[in-house]
$ cat run.cif   # mmCIF, C-alpha atoms
data_input
#
loop_
_atom_site.label_atom_id
_atom_site.label_comp_id
_atom_site.auth_asym_id
_atom_site.auth_seq_id
_atom_site.Cartn_x
_atom_site.Cartn_y
_atom_site.Cartn_z
CA MET A 50 -59.61 2.30 -25.71
CA SER A 51 -61.91 1.44 -22.79
CA ASP A 52 -65.06 2.37 -24.71
CA TYR A 53 -65.35 -1.13 -26.19
CA ASN A 54 -66.75 -2.63 -22.97
CA ILE A 55 -63.81 -5.00 -22.55
CA LYS A 56 -64.89 -7.45 -19.89
CA ILE A 57 -62.94 -10.36 -18.46
CA GLU A 58 -65.15 -13.45 -18.59
CA ASN A 59 -62.78 -16.07 -17.18
CA VAL A 60 -59.28 -16.33 -15.71
CA VAL A 61 -57.56 -19.73 -15.61
CA ALA A 62 -54.53 -20.01 -13.32
CA SER A 63 -52.44 -22.79 -11.84
CA THR A 64 -50.28 -23.24 -8.79
CA LYS A 65 -48.72 -25.92 -6.61
CA LEU A 66 -50.08 -25.86 -3.05
CA ALA A 67 -48.41 -28.98 -1.65
CA GLU A 68 -46.07 -31.84 -2.49
CA GLU A 69 -49.08 -34.15 -2.62
CA PHE A 70 -52.75 -34.25 -1.69
CA ASP A 71 -54.99 -36.98 -0.30
CA LEU A 72 -58.02 -36.21 -2.46
CA THR A 73 -60.25 -38.68 -0.62
CA LYS A 74 -59.64 -36.80 2.64
CA ILE A 75 -60.32 -33.43 0.99
CA GLU A 76 -63.54 -34.77 -0.55
CA ALA A 77 -64.69 -36.00 2.87
CA GLU A 78 -63.94 -32.64 4.55
CA PHE A 79 -64.94 -30.09 1.88
CA GLU A 80 -68.69 -29.83 1.43
CA GLY A 81 -69.66 -30.18 -2.23
CA ALA A 82 -66.25 -31.46 -3.37
CA GLU A 83 -66.47 -34.13 -6.07
CA TYR A 84 -63.84 -36.80 -6.58
CA ASN A 85 -64.38 -39.82 -8.81
CA LYS A 86 -61.02 -41.00 -10.07
CA GLN A 87 -62.66 -43.39 -12.56
CA LYS A 88 -64.11 -40.36 -14.35
CA PHE A 89 -61.41 -37.71 -13.78
CA PRO A 90 -58.04 -37.80 -11.95
CA GLY A 91 -58.70 -34.59 -10.02
CA LEU A 92 -61.05 -33.36 -7.33
CA VAL A 93 -63.53 -30.65 -8.36
CA TYR A 94 -64.40 -28.00 -5.77
CA ARG A 95 -66.50 -24.87 -6.33
CA VAL A 96 -66.48 -21.73 -4.21
CA SER A 97 -68.94 -18.84 -4.37
CA ASP A 98 -67.44 -15.65 -2.97
CA PRO A 99 -65.66 -14.77 -5.18
CA LYS A 100 -66.98 -17.37 -7.61
CA ALA A 101 -64.44 -19.90 -8.94
CA ALA A 102 -63.86 -23.61 -9.36
CA PHE A 103 -60.81 -25.71 -8.51
CA LEU A 104 -59.34 -28.83 -9.99
CA VAL A 105 -57.12 -30.35 -7.31
CA PHE A 106 -54.67 -33.13 -8.17
CA THR A 107 -52.78 -35.69 -6.04
CA SER A 108 -49.52 -34.05 -7.26
CA GLY A 109 -50.33 -30.96 -5.16
CA LYS A 110 -51.13 -28.96 -8.29
CA VAL A 111 -54.28 -26.86 -8.39
CA VAL A 112 -56.01 -25.26 -11.37
CA CYS A 113 -58.38 -22.39 -10.65
CA THR A 114 -60.97 -21.42 -13.26
CA GLY A 115 -64.02 -19.21 -13.49
CA ALA A 116 -62.67 -16.14 -11.70
CA LYS A 117 -63.54 -12.78 -13.27
CA ASN A 118 -60.23 -11.06 -12.46
CA VAL A 119 -56.66 -11.82 -11.43
CA ASP A 120 -57.12 -10.44 -7.88
CA ASP A 121 -59.96 -12.89 -7.29
CA VAL A 122 -57.67 -15.77 -8.36
CA HIS A 123 -55.18 -14.79 -5.64
CA THR A 124 -58.00 -14.41 -3.09
CA VAL A 125 -59.62 -17.79 -3.76
CA ILE A 126 -56.29 -19.65 -3.88
CA GLY A 127 -55.36 -18.05 -0.54
CA ASN A 128 -58.74 -19.07 0.90
CA MET A 129 -58.27 -22.61 -0.43
CA ALA A 130 -54.83 -22.89 1.22
CA LYS A 131 -56.29 -21.72 4.54
CA LYS A 132 -59.16 -24.20 4.29
CA LEU A 133 -56.67 -27.02 3.59
CA ASN A 134 -54.56 -25.94 6.58
CA ASP A 135 -57.73 -25.94 8.73
CA ILE A 136 -58.25 -29.67 8.01
CA GLY A 137 -54.60 -30.44 8.80
CA ILE A 138 -53.14 -30.39 5.31
CA LYS A 139 -49.94 -28.35 5.13
CA THR A 140 -49.63 -26.08 2.10
CA ILE A 141 -46.74 -24.26 0.45
CA GLU A 142 -46.47 -20.69 1.73
CA ASP A 143 -46.65 -17.95 -0.90
CA PRO A 144 -47.21 -20.33 -3.81
CA GLU A 145 -46.30 -19.15 -7.30
CA ILE A 146 -49.53 -18.54 -9.21
CA THR A 147 -49.38 -18.59 -13.02
CA VAL A 148 -52.16 -17.16 -15.17
CA GLN A 149 -52.57 -19.64 -18.04
CA ASN A 150 -55.38 -18.01 -20.00
CA ILE A 151 -57.73 -15.04 -19.85
CA VAL A 152 -60.92 -14.90 -21.89
CA ALA A 153 -62.42 -11.46 -22.44
CA SER A 154 -65.27 -10.04 -24.48
CA ALA A 155 -65.51 -6.68 -26.21
CA ASP A 156 -67.87 -4.81 -28.53
CA LEU A 157 -66.68 -2.64 -31.42
CA GLN A 158 -70.26 -1.33 -31.71
CA ALA A 159 -70.36 -1.69 -35.48
CA VAL A 160 -71.76 -4.23 -37.93
CA LEU A 161 -68.82 -5.97 -39.59
CA ASN A 162 -68.42 -7.53 -43.04
CA LEU A 163 -66.47 -10.68 -42.17
CA ASN A 164 -65.82 -11.61 -45.82
CA ALA A 165 -64.11 -8.27 -46.43
CA ILE A 166 -62.21 -8.58 -43.13
CA ALA A 167 -61.04 -12.11 -44.04
CA ILE A 168 -59.60 -10.81 -47.31
CA GLY A 169 -58.17 -7.67 -45.71
CA LEU A 170 -56.41 -9.42 -42.82
CA GLY A 171 -54.81 -11.99 -45.10
CA LEU A 172 -55.61 -15.66 -45.08
CA GLU A 173 -52.43 -16.77 -43.27
CA ASN A 174 -53.57 -15.35 -39.89
CA ILE A 175 -57.25 -16.13 -40.04
CA GLU A 176 -59.80 -18.94 -40.26
CA TYR A 177 -63.22 -18.10 -41.57
CA GLU A 178 -65.66 -20.84 -42.50
CA PRO A 179 -69.15 -19.41 -41.93
CA GLU A 180 -70.82 -22.78 -42.66
CA GLN A 181 -69.00 -24.25 -39.65
CA PHE A 182 -68.71 -21.30 -37.24
CA PRO A 183 -70.21 -17.79 -37.50
CA GLY A 184 -67.08 -16.01 -36.29
CA LEU A 185 -63.77 -15.19 -37.91
CA VAL A 186 -60.80 -16.59 -35.99
CA TYR A 187 -57.86 -14.17 -36.01
CA ARG A 188 -54.51 -15.25 -34.55
CA ILE A 189 -52.34 -12.33 -33.45
CA ASP A 190 -48.61 -12.74 -32.75
CA ASP A 191 -48.11 -9.70 -30.51
CA PRO A 192 -49.75 -9.97 -28.05
CA LYS A 193 -50.10 -13.73 -28.54
CA VAL A 194 -53.89 -13.96 -28.47
CA VAL A 195 -56.71 -15.32 -30.60
CA VAL A 196 -59.61 -12.98 -31.34
CA LEU A 197 -62.98 -14.27 -32.50
CA ILE A 198 -64.64 -11.55 -34.56
CA PHE A 199 -68.41 -11.67 -35.13
CA SER A 200 -70.47 -9.72 -37.68
CA SER A 201 -72.35 -8.08 -34.77
CA GLY A 202 -69.11 -6.29 -33.84
CA LYS A 203 -68.68 -8.47 -30.77
CA LEU A 204 -65.22 -9.88 -30.07
CA VAL A 205 -63.97 -12.70 -27.85
CA VAL A 206 -60.27 -12.59 -26.95
CA THR A 207 -58.63 -15.74 -25.64
CA GLY A 208 -55.11 -16.85 -24.79
CA GLY A 209 -54.08 -13.68 -23.00
CA LYS A 210 -51.81 -14.02 -19.98
CA SER A 211 -52.86 -10.61 -18.61
CA PRO A 212 -55.82 -8.22 -18.92
CA GLU A 213 -53.45 -5.91 -20.86
CA ASN A 214 -52.88 -8.64 -23.49
CA CYS A 215 -56.65 -8.79 -24.04
CA GLU A 216 -56.93 -5.00 -24.33
CA GLN A 217 -53.99 -4.91 -26.77
CA GLY A 218 -55.64 -7.67 -28.85
CA VAL A 219 -58.83 -5.60 -29.15
CA GLU A 220 -56.79 -2.53 -30.07
CA VAL A 221 -54.88 -4.43 -32.81
CA VAL A 222 -58.19 -5.53 -34.35
CA ARG A 223 -59.68 -2.05 -34.04
CA GLN A 224 -56.67 -0.39 -35.69
CA GLN A 225 -56.51 -2.92 -38.52
CA LEU A 226 -60.22 -2.73 -39.32
CA ASP A 227 -60.08 1.06 -39.08
CA SER A 228 -57.10 1.27 -41.45
CA MET A 229 -58.97 -0.92 -43.98
CA GLY A 230 -62.06 1.28 -43.67
CA LEU A 231 -64.10 -1.65 -42.37
CA LEU A 232 -65.07 -0.19 -39.00
#
$ encode --input "run.cif" --output "structure tokens"
Amino acid sequence: MSDYNIKIENVVASTKLAEEFDLTKIEAEFEGAEYNKQKFPGLVYRVSDPKAAFLVFTSGKVVCTGAKNVDDVHTVIGNMAKKLNDIGIKTIEDPEITVQNIVASADLQAVLNLNAIAIGLGLENIEYEPEQFPGLVYRIDDPKVVVLIFSSGKLVVTGGKSPENCEQGVEVVRQQLDSMGLL
């Protein structure tokens, strides 16, 4: 299964690090933090090692995006909590971190006939309007993911809550195309 170069492109996760945050204080203390409540109700803060971005809200909620794996999400959220503690902001110990979405890419290494696939997969689970978007959108129930299928054989899987969901989504597509003789 791993020969389709499945690669996680982005992990989005959320957590609650405090009962409330003073975003103006965080903006003043964190170099590069951006907070303009006229434009967006949260503070934006980017970190580089590992690379990720945070949206921090007055409610104490934090959304982390841009990480390339789930371990990195835990690392950067832990680093963020420590940095907040260092400027005198108490944070919740051992916060519950929820992965909201994983986006992954894969390559079936075959040229695909999307018209034939659209007919074969059945119109109730797919959207394919090549004039509007060059990919076929395939909604899978188990695992609950959406797979974008391109004629180049490249896939984008989104909506997964775990790397395994993304791998299973690729495998479902592979098996279905294979069984229809379209791979």
$ closest_residue --input "run.cif" --among "A:Ala62, A:Ala155, A:Val221, A:Leu197" --to "Lys110 in chain A" --atoms "all atoms listed in the file"
A:Ala62
$ atom_distance --input "run.cif" --atom1 "CA of Glu178 in chain A" --atom2 "CA of Glu220 in chain A"
23.8 Å
$ axis_aligned_box --input "run.cif" --around "range 189-208 of chain A" --padding-each-side "5 Å" --output "JSON"
{"center_x": -60.2, "center_y": -11.6, "center_z": -31.2, "size_x": 34.2, "size_y": 20.6, "size_z": 22.9}
$ closest_residue --input "run.cif" --among "A:Asp156, A:Glu58, A:Asp135, A:Glu83" --to "Leu204 in chain A" --atoms "all atoms listed in the file"
A:Asp156
$ atom_distance --input "run.cif" --atom1 "CA of Glu76 in chain A" --atom2 "CA of Ile151 in chain A"
28.2 Å
$ resolve_selection --input "run.cif" --expression "the PyMOL selection byres ((chain A and resi 123-132) around 9)" --output "MDAnalysis selection string"
chainID A and resid 64 66 79 96 98:101 103 111 113 116 119:122 133:143 146
$ resolve_selection --input "run.cif" --expression "the PyMOL selection byres ((chain A and resi 200) around 6)" --output "JSON, numbers by chain"
{"A": [160, 161, 199, 201, 202]}
$ residues_around --input "run.cif" --residues "Gly230 in chain A" --least-positions-apart "2" --cutoff "12 Å" --atoms "all atoms listed in the file" --output "tab-separated table (two decimals) with C-alpha atoms, in the frame of the given file"
chain	number	residue	atom	x	y	z
A	161	LEU	CA	-68.82	-5.97	-39.59
A	162	ASN	CA	-68.42	-7.53	-43.04
A	165	ALA	CA	-64.11	-8.27	-46.43
A	166	ILE	CA	-62.21	-8.58	-43.13
A	169	GLY	CA	-58.17	-7.67	-45.71
A	223	ARG	CA	-59.68	-2.05	-34.04
A	224	GLN	CA	-56.67	-0.39	-35.69
A	225	GLN	CA	-56.51	-2.92	-38.52
A	226	LEU	CA	-60.22	-2.73	-39.32
A	227	ASP	CA	-60.08	1.06	-39.08
A	228	SER	CA	-57.10	1.27	-41.45
A	232	LEU	CA	-65.07	-0.19	-39.00
$ closest_residue --input "run.cif" --among "A:Gln158, A:Gln181, A:Thr114, A:Asn174" --to "Val93 in chain A" --atoms "all atoms listed in the file"
A:Thr114
$ closest_residue --input "run.cif" --among "A:Pro144, A:Gly81, A:Gly184, A:Gly109" --to "Val205 in chain A" --atoms "all atoms listed in the file"
A:Gly184
$ atom_distance --input "run.cif" --atom1 "CA of Ile198 in chain A" --atom2 "CA of Thr147 in chain A"
27.3 Å
$ resolve_selection --input "run.cif" --expression "the PyMOL selection byres ((chain A and resi 108) around 7)" --output "list in words"
Glu68, Glu69, Phe70, Phe106, Thr107, Gly109 and Lys110 of chain A
$ residues_around --input "run.cif" --residues "range 211-214 of chain A" --least-positions-apart "4" --cutoff "10 Å" --atoms "all atoms listed in the file" --output "list in words"
Ile55, Lys56, Ile57, Val60, Asn118, Val119, Val148, Gln149, Asn150, Ile151, Val152, Ala153, Asp191, Pro192, Lys193, Val194, Val206, Thr207, Gly218, Val219 and Glu220 of chain A
$ closest_residue --input "run.cif" --among "A:Arg95, A:Lys74, A:Lys210, A:Lys117" --to "Val195 in chain A" --atoms "only C-alpha atoms"
A:Lys210
$ build_atoms --input "run.cif" --residues "range 101-113 of chain A" --atoms "N, CA, C and O atoms" --output "PDB file, keeping the file's coordinate frame"
ATOM      1  N   ALA A 101     -65.509 -19.217  -8.198  1.00  0.00           N
ATOM      2  CA  ALA A 101     -64.440 -19.900  -8.940  1.00  0.00           C
ATOM      3  C   ALA A 101     -64.614 -21.400  -8.740  1.00  0.00           C
ATOM      4  O   ALA A 101     -65.397 -21.837  -7.897  1.00  0.00           O
ATOM      5  N   ALA A 102     -63.873 -22.162  -9.522  1.00  0.00           N
ATOM      6  CA  ALA A 102     -63.860 -23.610  -9.360  1.00  0.00           C
ATOM      7  C   ALA A 102     -62.407 -24.074  -9.350  1.00  0.00           C
ATOM      8  O   ALA A 102     -61.547 -23.463  -9.989  1.00  0.00           O
ATOM      9  N   PHE A 103     -62.160 -25.144  -8.594  1.00  0.00           N
ATOM     10  CA  PHE A 103     -60.810 -25.710  -8.510  1.00  0.00           C
ATOM     11  C   PHE A 103     -60.784 -27.120  -9.037  1.00  0.00           C
ATOM     12  O   PHE A 103     -61.717 -27.892  -8.813  1.00  0.00           O
ATOM     13  N   LEU A 104     -59.692 -27.442  -9.708  1.00  0.00           N
ATOM     14  CA  LEU A 104     -59.340 -28.830  -9.990  1.00  0.00           C
ATOM     15  C   LEU A 104     -58.113 -29.081  -9.136  1.00  0.00           C
ATOM     16  O   LEU A 104     -57.100 -28.378  -9.265  1.00  0.00           O
ATOM     17  N   VAL A 105     -58.205 -30.059  -8.244  1.00  0.00           N
ATOM     18  CA  VAL A 105     -57.120 -30.350  -7.310  1.00  0.00           C
ATOM     19  C   VAL A 105     -56.593 -31.745  -7.630  1.00  0.00           C
ATOM     20  O   VAL A 105     -57.374 -32.688  -7.756  1.00  0.00           O
ATOM     21  N   PHE A 106     -55.275 -31.858  -7.764  1.00  0.00           N
ATOM     22  CA  PHE A 106     -54.670 -33.130  -8.170  1.00  0.00           C
ATOM     23  C   PHE A 106     -53.787 -33.690  -7.063  1.00  0.00           C
ATOM     24  O   PHE A 106     -53.275 -32.951  -6.224  1.00  0.00           O
ATOM     25  N   THR A 107     -53.588 -35.019  -7.073  1.00  0.00           N
ATOM     26  CA  THR A 107     -52.780 -35.690  -6.040  1.00  0.00           C
ATOM     27  C   THR A 107     -51.350 -35.143  -6.020  1.00  0.00           C
ATOM     28  O   THR A 107     -50.686 -35.176  -4.993  1.00  0.00           O
ATOM     29  N   SER A 108     -50.882 -34.596  -7.149  1.00  0.00           N
ATOM     30  CA  SER A 108     -49.520 -34.050  -7.260  1.00  0.00           C
ATOM     31  C   SER A 108     -49.325 -32.774  -6.438  1.00  0.00           C
ATOM     32  O   SER A 108     -48.204 -32.267  -6.345  1.00  0.00           O
ATOM     33  N   GLY A 109     -50.424 -32.229  -5.883  1.00  0.00           N
ATOM     34  CA  GLY A 109     -50.330 -30.960  -5.160  1.00  0.00           C
ATOM     35  C   GLY A 109     -50.624 -29.770  -6.055  1.00  0.00           C
ATOM     36  O   GLY A 109     -50.682 -28.630  -5.595  1.00  0.00           O
ATOM     37  N   LYS A 110     -50.801 -30.040  -7.347  1.00  0.00           N
ATOM     38  CA  LYS A 110     -51.130 -28.960  -8.290  1.00  0.00           C
ATOM     39  C   LYS A 110     -52.623 -28.641  -8.215  1.00  0.00           C
ATOM     40  O   LYS A 110     -53.464 -29.519  -7.990  1.00  0.00           O
ATOM     41  N   VAL A 111     -52.907 -27.353  -8.433  1.00  0.00           N
ATOM     42  CA  VAL A 111     -54.280 -26.860  -8.390  1.00  0.00           C
ATOM     43  C   VAL A 111     -54.492 -25.961  -9.602  1.00  0.00           C
ATOM     44  O   VAL A 111     -53.637 -25.122  -9.902  1.00  0.00           O
ATOM     45  N   VAL A 112     -55.618 -26.161 -10.289  1.00  0.00           N
ATOM     46  CA  VAL A 112     -56.010 -25.260 -11.370  1.00  0.00           C
ATOM     47  C   VAL A 112     -57.262 -24.532 -10.910  1.00  0.00           C
ATOM     48  O   VAL A 112     -58.198 -25.160 -10.407  1.00  0.00           O
ATOM     49  N   CYS A 113     -57.241 -23.219 -11.051  1.00  0.00           N
ATOM     50  CA  CYS A 113     -58.380 -22.390 -10.650  1.00  0.00           C
ATOM     51  C   CYS A 113     -58.983 -21.809 -11.922  1.00  0.00           C
ATOM     52  O   CYS A 113     -58.267 -21.262 -12.761  1.00  0.00           O
TER      53      CYS A 113
END
